[in-house]
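Q: Dumping the structure here so I can ask a few things about it.
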Amino acid sequence: AEKSFNVLGQPLATGLIQKNKEQPFFENFAENTGLAIDANYKPIDVTGIKSEETLRVLKNGLFDIVSIRTAQAARDEVFLLGQDLVGLNPTYEKARQVYDAYKPHFAARLQEKFDAKLLGLWPFGPQVLFCKPEISGLADLKGKKVRVYDQNLSQFIESIGATPVPIGFSEVQQALSRGVTECAITGASSANTAGWPEVTEYFMPIGFQVGFNGYAINMKTWNKLSPEEQEKMQAAFDKLVDDIWVYSEELFEDALRCNVGKEPCTTVTKYNMKEVPVNEEDLKIVADAVKTVSFPTWSETCEKNYPGCTELWKKVLGPLTGIE
Amino acid sequence: MEINKKIAFYASCLFGYLCIGLSIFVSVEVVMRKVFTKSLQGADELGGYVLAIGSTLAFCIALIGNNHIRIDIFHYKFPDKMQAVLNWLAKLSMLFISFLLAFAAVGVLQETMSYGSSAPTPWATPLHYPQIPWTTGLIIFFGLSCYYLINATWLLITRRWNDLRVLYQPKGSADEVKEELLDLEHR
Amino acid sequence: MLAEILIFFVAGLALLFLGVPISPVMAIIGLIGGLLAFGYPFMNSIGSVVWGVHNSFILTAVPLFILMGEILLRSGVADKMYNALAKWMNWLPGNLLHTNIGCCALFAATTGSSVACAATVGTVALPTLNERGFSKKLSLGSLAAGGTMGILIPPSIALIIYGSLTNNSISQLFVAGVIPGIVLTLAFFVYLMIASISIKNTGIIKVSWPERIRALPEMLPPLFIFFIVMGSIYFGLATPTESAALGIIASLFFAWRGGKLTFAMLHKCFVNTAQLTGMIILIITAAFILNLTLSLLGIAEMLTQQVLTLDLTLTQLTLVMILFYIVLGMFLDVLSIQVATIPIAYPIMTAAGADPIWFGIFIVLMSEVAMITPPMGMNLFVIQGVRQDKGPLSDVIWGALPFALIMLAFTVFLIFYPEVVTWLPAKMRG
Ligand code: NA
Ligand code: NA
C-alpha cells in the first residue's frame with residue numbers, strides 16, 4: 001500500500017477482543033477498509049506508553065489511530081467517563097442506549113480538545129463481582145474488603161458499607177487467595193483467564209460498569225482522506241465496532257456459563273463457582289448509585305474543565321436514568 | 001566542602017527523608033489493610049510522585065557525584081589529550097539528555113495545565129501538583145549540566161588538558177572501593 | 001533496514017567504549033531513530049513515556065531497596081553476621097571460604113548493591129583468610145563470586161528492571177529467584193569442599209556450642225528482613241514496593257537497637273542511595289525512550305521473525321543466547337547489558353516458547369557471570385581493590401573462573417529443569 005498509519009492498540013493483556021478482533025482488523029487494514037493504506041499496529045504495552053497517555057500521543061501526531069481505554073484516558077478529560085458511571089450500564093442493551101445517546105457529545109468533546117475524530121466505541125464487558133466468603137446479595141458486602149480499580153467504583157463500594165481496596169489487576173488473584181481482599185470486581189472473562197475462580201467461591205453477575213474502549217483518528221490524518229475514503233474508513237470501523245459489541249456479549253455470556261460450570265463453555269476455562277442470583281433489590285441499589293454517588297462525584301470534577309457538562313449530561317442521559 | 005558537594009548533600013537528605021516518609025506511610029497502609037481491614041488508599045499514587053520528584057533530585061546528585069556510569073575499560077589506555085576531550089564529550093552528552101528530559105517535561109506540564117488533567121485514582125490529584133516540582137527538578141538538572149559543560153569547555157579552550165583529564169575522569173571501581181573502605185573504618 | 005540497524009548498533013557501541021555515559025548514548029540513538037522515522041511528533045511524545053517511567057510505583061522499589069541495604073550495611077549488620085556465620089561453618093572443609101559464600105548469600109538477600117556487599121565481606125574476610133593460610137585464589141574467587149548473588153537472591157534491582165521493561169510481575173520474579181539462589185549457593189559450597197579437601201586444612205578453629213549460640217542473634221537481622229520482605233510478597237500481603245517500605249522500617253529498627261542509628265549514618269546512606277538511584281533511573285528512562293523507537297519500528301519483531309526462520313529448538317536458541325551473553329558480558333557492565341538487550345531478546349525468546357519468568361532468571365544469571373569475567377568485571381575490580389597484598393588481578397580472575405563455570409553449568413541445567421525456577425511462583429499463584 002502507498003500509505004501507512006501508526007496505530008496504537010489495546011494492551012496484549014486485554015485478552016480475546018484484542019487478539020481475535022482488533023489485531024486481525026489492523027493487520028489486514030487495507031483489505032478491511034478497501035483503501036490503499038497499511039497499519040503499523042502496536043499493542044500499547046509493547047511501546048512502554050501508558051493508557052493514560054493515549055489521547056496525548058494521538059494529538060501530538062505520533063499515532064494516526066489509537067485504541068482508547070476511556071477509564072484511563074479520562075485523566076485528561078473526565079467528561080469521557082460520563083457514559084460509564086457506576087450503575088449506569090447494568091446490561092448490554094442499556095449500555096448501547098447510553099452509548100448511542102452520548103456518542104455525538106463524546107465525539108464533539110474529543111474533537112474540540114484533542115483534535116481527533118471518534119470512529120466508534122465498544123464495551124469491554126460488565127464488571128462483575130467475585131467473592132471468597134459466602135454472599136447472597138450486595139447487602140452482605142458490608143464490612144468486607146472489595147478490590148476496586150477507580151475512584152467512582154471506590155466511592156460506590158464505600159457507600160454500601162464495604163472497604164474499597166485498590167489493587168493492580170495482576171496482583172488481585174494472589175490477594176484473593178491470601179485473604180488480602182475478600183471480594184473483587186472485574187470483567188467476567190478476564191477474571192476467568194486470570195484464574196480468579198480458582199480462589200473465589202461466589203460469583204455475582206451484576207454489572208457495575210462496562211468499560212468503554214474504542215478508536216479515534218488524528219484530525220489531520222482524517223482530513224487528508226478524500227470524502228469517499230473517509231466514508232469507507234468509517235464504514236470499516238462501524239463494522240469492526242458492531243462486531244466487537246456482539247463478540248463482547250458472547251464472551252461475557254460464555255464466561256458466565258464457564259464460571260459456574262454450565263455448558264456450552266468454549267472461550268475460557270470451566271469452573272464450579274456458585275452463582276449468586278441478582279435480585280431486584282440489588283439492581284435498584286446499583287441503579288440508585290448513579291443518582292446518589294457516581295453522578296454527583298463525576299459532575300463535580302467534570303465541571304472544573306467543562307463548565308456546563310452536568311446540564312449536558314442531564315439533557316442527554318436524563319431520559320434514560322430519571323435524573324433531572 | 002565545595003559548594004556543589006554541599007548542595008548534593010542537602011538534596012540527598014531531602015531525597016532520603018522523602019523515602020523514609022513514604023516508607024512509614026506505606027507501612028501504616030499495609031498494616032491497616034491487614035489488621036483493621038481499612039485502606040488509606042493512595043499509597044501507590046504517593047509512591048509514584050515521590051519517585052518522580054525524587055528522581056530529578058537524584059539525577060542532579062549523581063551528576064555532581066560523577067556517578068552516571070561510563071564504560072572505562074579502554075579509557076585509561078587512550079592518550080592523555082584524548083582522555084581530556086572524551087571527558088568533555090561526556091559532559092556534552094549529559095547536557096543533551098538533560099535538555100531532552102527538561103524539554104519533554106515542559107511539554108507534559110503544558111498539556112496537563114491546558115487539559116486540566118487529574119489522576120484517575122481515589123485521590124483524583126490535579127496532575128500539575130506533582131508535575132510542577134518534577135518539571136522544575138528536570139530544569140535544574142539541565143542547568144547543572146550546562147554549568148559542568150561550561151566548566152569543561154573553558155578547560156578545553158584554555159588547553160588545560162590535565163585538569164580536564166583528572167577533574168572529570170570516569171568514576172571507576174577503584175574510587176568506589178576507596179569510599180567503601182573509608183566508610184568501613186568509621187563503623 | 002538491517003544495514004541501518006547495524007550502523008546504529010556499531011555507532012552506539014563505539015560511543016560506549018569511548019566512555020560516553022550510557023544513558024545519553026541510548027537516548028541519542030532512540031531519539032535519532034525516532035526522529036528519522038516519525039519526525040517531530042516523536043519528540044513531543046517522549047514526555048508521555050518519561051512521565052510514565054518516573055511516576056511509577058513499581059520503580060519506587062528501586063530507591064527503597066537500595067536504602068534498606070545501605071542502612072543494614074552501614075549499621076554494621078554485615079560485619080557481625082560474617083563473624084557469627086564463621087563460628088557455625090568452622091567444621092566444613094574450607095570453613096572460612098563457605099562463610100564468604102554464606103555471608104554473601106544471606107547479605108545478598110537483603111541488599112541490592114553487590115559492590116557494597118563484596119567490599120564489606122571482602123574487607124572483613126581477607127585478613128583472616130590470609131592469616132590462616134588459605135589458598136589465595138580460592139579466597140579471592142569465592143568473594144568475587146559470592147558478591148554476585150545479590151542480584152539473584154531477592155530483593156534484586158536487576159529483577160525489578162527486567163519486570164518493568166517486560167511487564168512481568170516483580171513478585172513472581174522475586175519468588176522465582178529464591179530456589180535458584182539457594183541451589184547455586186549449595187553448588188558453590190560443594191565446589192569449595194572438593195577444592196579444599198586436598199589442601200591441608202590449616203584453618204580449623206575450635207568453637208564451643210555456647211559460643212555458637214551466643215553468636216546466633218547476629219544472624220537474625222538479615223534473616224528477619226528477608227522473611228519480612230519475601231514473606232509479605234509470597235503471602236500476598238504486600239507488593240514488592242510495599243515490602244521494601246516494611247524492610248526499611250525493620251532495618252531502621254535494627255540499626256537503632258544496635259546503637260548505630262545516627263544522623264551521620266543515615267545521611268551517608270541517603271547520599272549513596274540518591275547517587276545510585278539517579279544513575280539507575282536515568283538509564284531506565286533512556287532505555288524506555290530507545291524502546292519506544294525500537295517497538296514503533298518493529299525491530300524486535302523483525303529480528304524475532306529472522307530468528308524464527310532459523311528453525312532452532314528452544315534449547316539450541318538458549319545455548320546461542322548463553323554464548324551471546326558471555327561475549328557481551330566480557331565488555332559491558334551489568335546494567336547496560338540488561339537495558340540494551342532485554343527489549344530485543346525478550347520477544348525473541350518468548351516467541352520461541354521460553355517462560356517469561358524463567359527468562360528473567362536466565363538474564364540475571366548471565367549478568368552474574370558478566371560480573372566476574374574479564375576484561376570488564378565489576379566484582380573482580382572490587383575484590384582486587386579490597387585486598388591488601390598488592391598481588392596481580394589474575395589471582396582474582398583465575399580464582400573466580402571456576403565459579404563462572406558453575407554458574408554457566410547451572411544455567412544449562414535450568415534449560416532442562418525449568419521447574420527449579422517456575423515451581424515456587426506457580427505455587428504462590430494458587
Ligand atoms: Na538481593
Ligand atoms: Na565481564
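Going by the C-alpha cells order, chains are called A, B, ..., each with residues numbered from 1, while ligands are numbered from 1 in the order shown.
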Enumerate residues in contact with ligand 1: an atom-to-atom distance of at most 10 Å, counting only C-alpha atoms and all ligand atoms. Format the result as number ranges by chain.
A: C: 65-66, 69, 104-114, 117, 147-159, 174, 177-178, 181, 226
Q: Chain C residues within 6 Å of chain B, counting only C-alpha atoms: which ones, as a ChimeraX atom specification?
A: /C:17,19-22,24,47,54-57,60,245-246,270-271,274-275,278-279
Q: Provide as a ChimeraX atom specification the residues of chain A at most 10 Å from chain C, counting only C-alpha atoms.
A: /A:6-8,13,40-54,56-63,167-168,170-181,195-196,198-199
Q: Hey, can you spit out that residue selection with C-alpha atoms as a PDB file, in the first residue's frame?
A:
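result_5.pdb written:
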ATOM      1  CA  ASN A   6       0.736   4.251  13.001  1.00  0.00           C
ATOM      2  CA  VAL A   7      -1.817   2.543  15.222  1.00  0.00           C
ATOM      3  CA  LEU A   8      -1.647   2.219  18.997  1.00  0.00           C
ATOM      4  CA  ALA A  13      -3.007  -8.455  28.130  1.00  0.00           C
ATOM      5  CA  ASN A  40       1.689  -0.270  11.634  1.00  0.00           C
ATOM      6  CA  TYR A  41      -0.151  -1.786  14.609  1.00  0.00           C
ATOM      7  CA  LYS A  42       1.464  -1.827  18.060  1.00  0.00           C
ATOM      8  CA  PRO A  43      -0.219  -3.005  21.252  1.00  0.00           C
ATOM      9  CA  ILE A  44       0.311  -0.223  23.806  1.00  0.00           C
ATOM     10  CA  ASP A  45       2.167  -2.318  26.377  1.00  0.00           C
ATOM     11  CA  VAL A  46       4.864  -3.146  23.823  1.00  0.00           C
ATOM     12  CA  THR A  47       5.670   0.539  23.378  1.00  0.00           C
ATOM     13  CA  GLY A  48       6.036   1.406  27.066  1.00  0.00           C
ATOM     14  CA  ILE A  49       3.364   4.120  26.767  1.00  0.00           C
ATOM     15  CA  LYS A  50       0.682   4.079  29.469  1.00  0.00           C
ATOM     16  CA  SER A  51      -3.046   4.041  28.674  1.00  0.00           C
ATOM     17  CA  GLU A  52      -3.493   7.433  30.363  1.00  0.00           C
ATOM     18  CA  GLU A  53      -1.338   8.968  27.648  1.00  0.00           C
ATOM     19  CA  THR A  54      -3.183   7.730  24.540  1.00  0.00           C
ATOM     20  CA  ARG A  56      -1.821  12.973  24.081  1.00  0.00           C
ATOM     21  CA  VAL A  57       0.218  10.838  21.690  1.00  0.00           C
ATOM     22  CA  LEU A  58      -2.727  10.931  19.289  1.00  0.00           C
ATOM     23  CA  LYS A  59      -2.877  14.705  19.384  1.00  0.00           C
ATOM     24  CA  ASN A  60       0.905  15.007  19.056  1.00  0.00           C
ATOM     25  CA  GLY A  61       0.660  13.091  15.815  1.00  0.00           C
ATOM     26  CA  LEU A  62       2.943  10.185  16.705  1.00  0.00           C
ATOM     27  CA  PHE A  63      -0.019   7.886  16.083  1.00  0.00           C
ATOM     28  CA  ILE A 167      -5.074  -3.367  43.811  1.00  0.00           C
ATOM     29  CA  GLY A 168      -3.494  -3.659  40.368  1.00  0.00           C
ATOM     30  CA  SER A 170      -2.079  -8.566  38.081  1.00  0.00           C
ATOM     31  CA  GLU A 171      -1.928  -8.760  41.887  1.00  0.00           C
ATOM     32  CA  VAL A 172      -5.611  -9.461  42.538  1.00  0.00           C
ATOM     33  CA  GLN A 173      -5.634 -13.223  42.129  1.00  0.00           C
ATOM     34  CA  GLN A 174      -2.984 -13.619  44.789  1.00  0.00           C
ATOM     35  CA  ALA A 175      -4.579 -11.028  47.044  1.00  0.00           C
ATOM     36  CA  LEU A 176      -7.824 -13.029  46.944  1.00  0.00           C
ATOM     37  CA  SER A 177      -6.002 -16.262  47.549  1.00  0.00           C
ATOM     38  CA  ARG A 178      -4.236 -14.917  50.655  1.00  0.00           C
ATOM     39  CA  GLY A 179      -7.206 -13.001  52.014  1.00  0.00           C
ATOM     40  CA  VAL A 180      -5.788  -9.516  51.461  1.00  0.00           C
ATOM     41  CA  THR A 181      -9.117  -8.780  49.829  1.00  0.00           C
ATOM     42  CA  GLY A 195      -7.678 -17.611  37.446  1.00  0.00           C
ATOM     43  CA  TRP A 196      -9.878 -15.764  39.938  1.00  0.00           C
ATOM     44  CA  GLU A 198      -9.648 -20.811  41.481  1.00  0.00           C
ATOM     45  CA  VAL A 199      -9.503 -18.655  44.591  1.00  0.00           C
TER      46      VAL A 199
END
Q: Quick one: residues within 9 Å of ligand 2, with only C-alpha atoms and all ligand atoms, as a count of residues only?
A: 23
Q: Determine which residues of chain B sit within 7 Å of chain A, taking into account only C-alpha atoms, and present them as a list in words.
A: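 Every residue meeting the condition is included here: Lys34, Thr37, Lys38, Ser39, Gln41, Tyr115, Gly116, Ser117, Ser118, Ala119, Pro120, Thr121 and Pro122 of chain B.
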Q: Applying 8 Å and only C-alpha atoms, which residues near C:Val421 remain after dropping the ones on its own chain fewer than 2 positions away? List them as a ChimeraX atom specification.
A: /C:176-177,179-180,357-358,361,414,418-419,423-425
Q: Just the number, please: distance in Å from atom CA of C:Leu16 to atom CA of C:Thr277, one decimal.
A: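 Computing the Euclidean distance for atom CA of C:Leu16 and atom CA of C:Thr277 yields 20.6 Å.
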Q: Please, which residues of stretch 25-148 of chain A, numbered as in this document, come out helix (DSSP H, G or I) from DSSP, as a PyMOL selection string?
A: chain A and resi 25-27+29-33+44-47+51-59+70-73+78-84+92-114+138-141
Q: Pick out the residues sitting within 9 Å of stretch 25-35 of chain A, and hand them over as a VMD selection string; count only C-alpha atoms, and ignore anything fewer than 4 positions along from it in its own chain.
A: chain A and resid 1 7 20 to 21 39 to 41 229 232 to 237 240
Q: Between stretch 104-183 of chain C and stretch 188-194 of chain C, at 10 Å or less, what are the per-residue closest atom pairs and their distances in Å? Count only C-alpha atoms, order by chain and rising residue number, and return it as JSON lines.
A:
{"residue": "C:Leu138", "atom": "CA", "partner": "C:Leu192", "partner_atom": "CA", "distance": 8.0}
{"residue": "C:Ser139", "atom": "CA", "partner": "C:Leu192", "partner_atom": "CA", "distance": 9.8}
{"residue": "C:Ser142", "atom": "CA", "partner": "C:Phe188", "partner_atom": "CA", "distance": 8.2}
{"residue": "C:Ala145", "atom": "CA", "partner": "C:Phe188", "partner_atom": "CA", "distance": 8.9}
{"residue": "C:Gly146", "atom": "CA", "partner": "C:Phe188", "partner_atom": "CA", "distance": 8.7}
{"residue": "C:Ile182", "atom": "CA", "partner": "C:Phe188", "partner_atom": "CA", "distance": 9.9}
{"residue": "C:Val183", "atom": "CA", "partner": "C:Phe188", "partner_atom": "CA", "distance": 8.7}
Q: Please indicate the distance in Å from atom CA of C:Thr273 to atom CA of C:Trp256, rounded to one decimal place.
A: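 Interatomic distance here is 19.2 Å.
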Q: What's the 8 Å shell around A:Leu256, counting only C-alpha atoms, without same-chain residues fewer than 3 positions away, as a PyMOL selection string?
A: chain A and resi 188-189+205+252-253+259-260
Q: Store the residues picked out above, limited to N, CA, C and O atoms, as a compact mmCIF listing (two decimals), in the first residue's frame.
A:
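Full text of out-v2.txt as output:
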# COMPACT_ATOMS: atom_id res chain seq x y z
N ALA A 188 -16.02 -10.54 33.56
CA ALA A 188 -16.20 -11.97 33.82
C ALA A 188 -15.18 -12.82 33.09
O ALA A 188 -14.66 -13.81 33.61
N SER A 189 -14.87 -12.43 31.84
CA SER A 189 -13.97 -13.22 31.02
C SER A 189 -12.52 -13.05 31.47
O SER A 189 -11.78 -14.03 31.61
N PRO A 205 -23.19 -11.96 38.88
CA PRO A 205 -23.09 -11.28 37.58
C PRO A 205 -23.87 -9.97 37.53
O PRO A 205 -24.72 -9.80 36.68
N PHE A 252 -18.96 -12.54 27.27
CA PHE A 252 -19.50 -12.35 28.62
C PHE A 252 -20.41 -13.52 28.99
O PHE A 252 -20.28 -14.12 30.05
N GLU A 253 -21.30 -13.86 28.07
CA GLU A 253 -22.26 -14.92 28.41
C GLU A 253 -21.58 -16.28 28.51
O GLU A 253 -21.93 -17.09 29.36
N ASN A 259 -17.86 -19.92 34.37
CA ASN A 259 -17.52 -19.70 35.77
C ASN A 259 -18.32 -20.60 36.70
O ASN A 259 -17.85 -21.02 37.74
N VAL A 260 -19.58 -20.89 36.32
CA VAL A 260 -20.41 -21.69 37.21
C VAL A 260 -20.59 -23.13 36.71
O VAL A 260 -21.44 -23.86 37.20
Q: Check the smallest atom-to-atom distance from each of C:Ile170, C:Ile363, C:Ala287, C:Ala345 to C:Thr411 using only C-alpha atoms, then report the winner.
A: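 For C:Thr411, the nearest of the given residues is C:Ile363.
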Q: Which value, in Å to one decimal, gives the distance between atom CA of A:Gly214 and atom CA of A:Trp245?
A: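 Spanning atom CA of A:Gly214 to atom CA of A:Trp245 is a straight-line distance of 10.8 Å.
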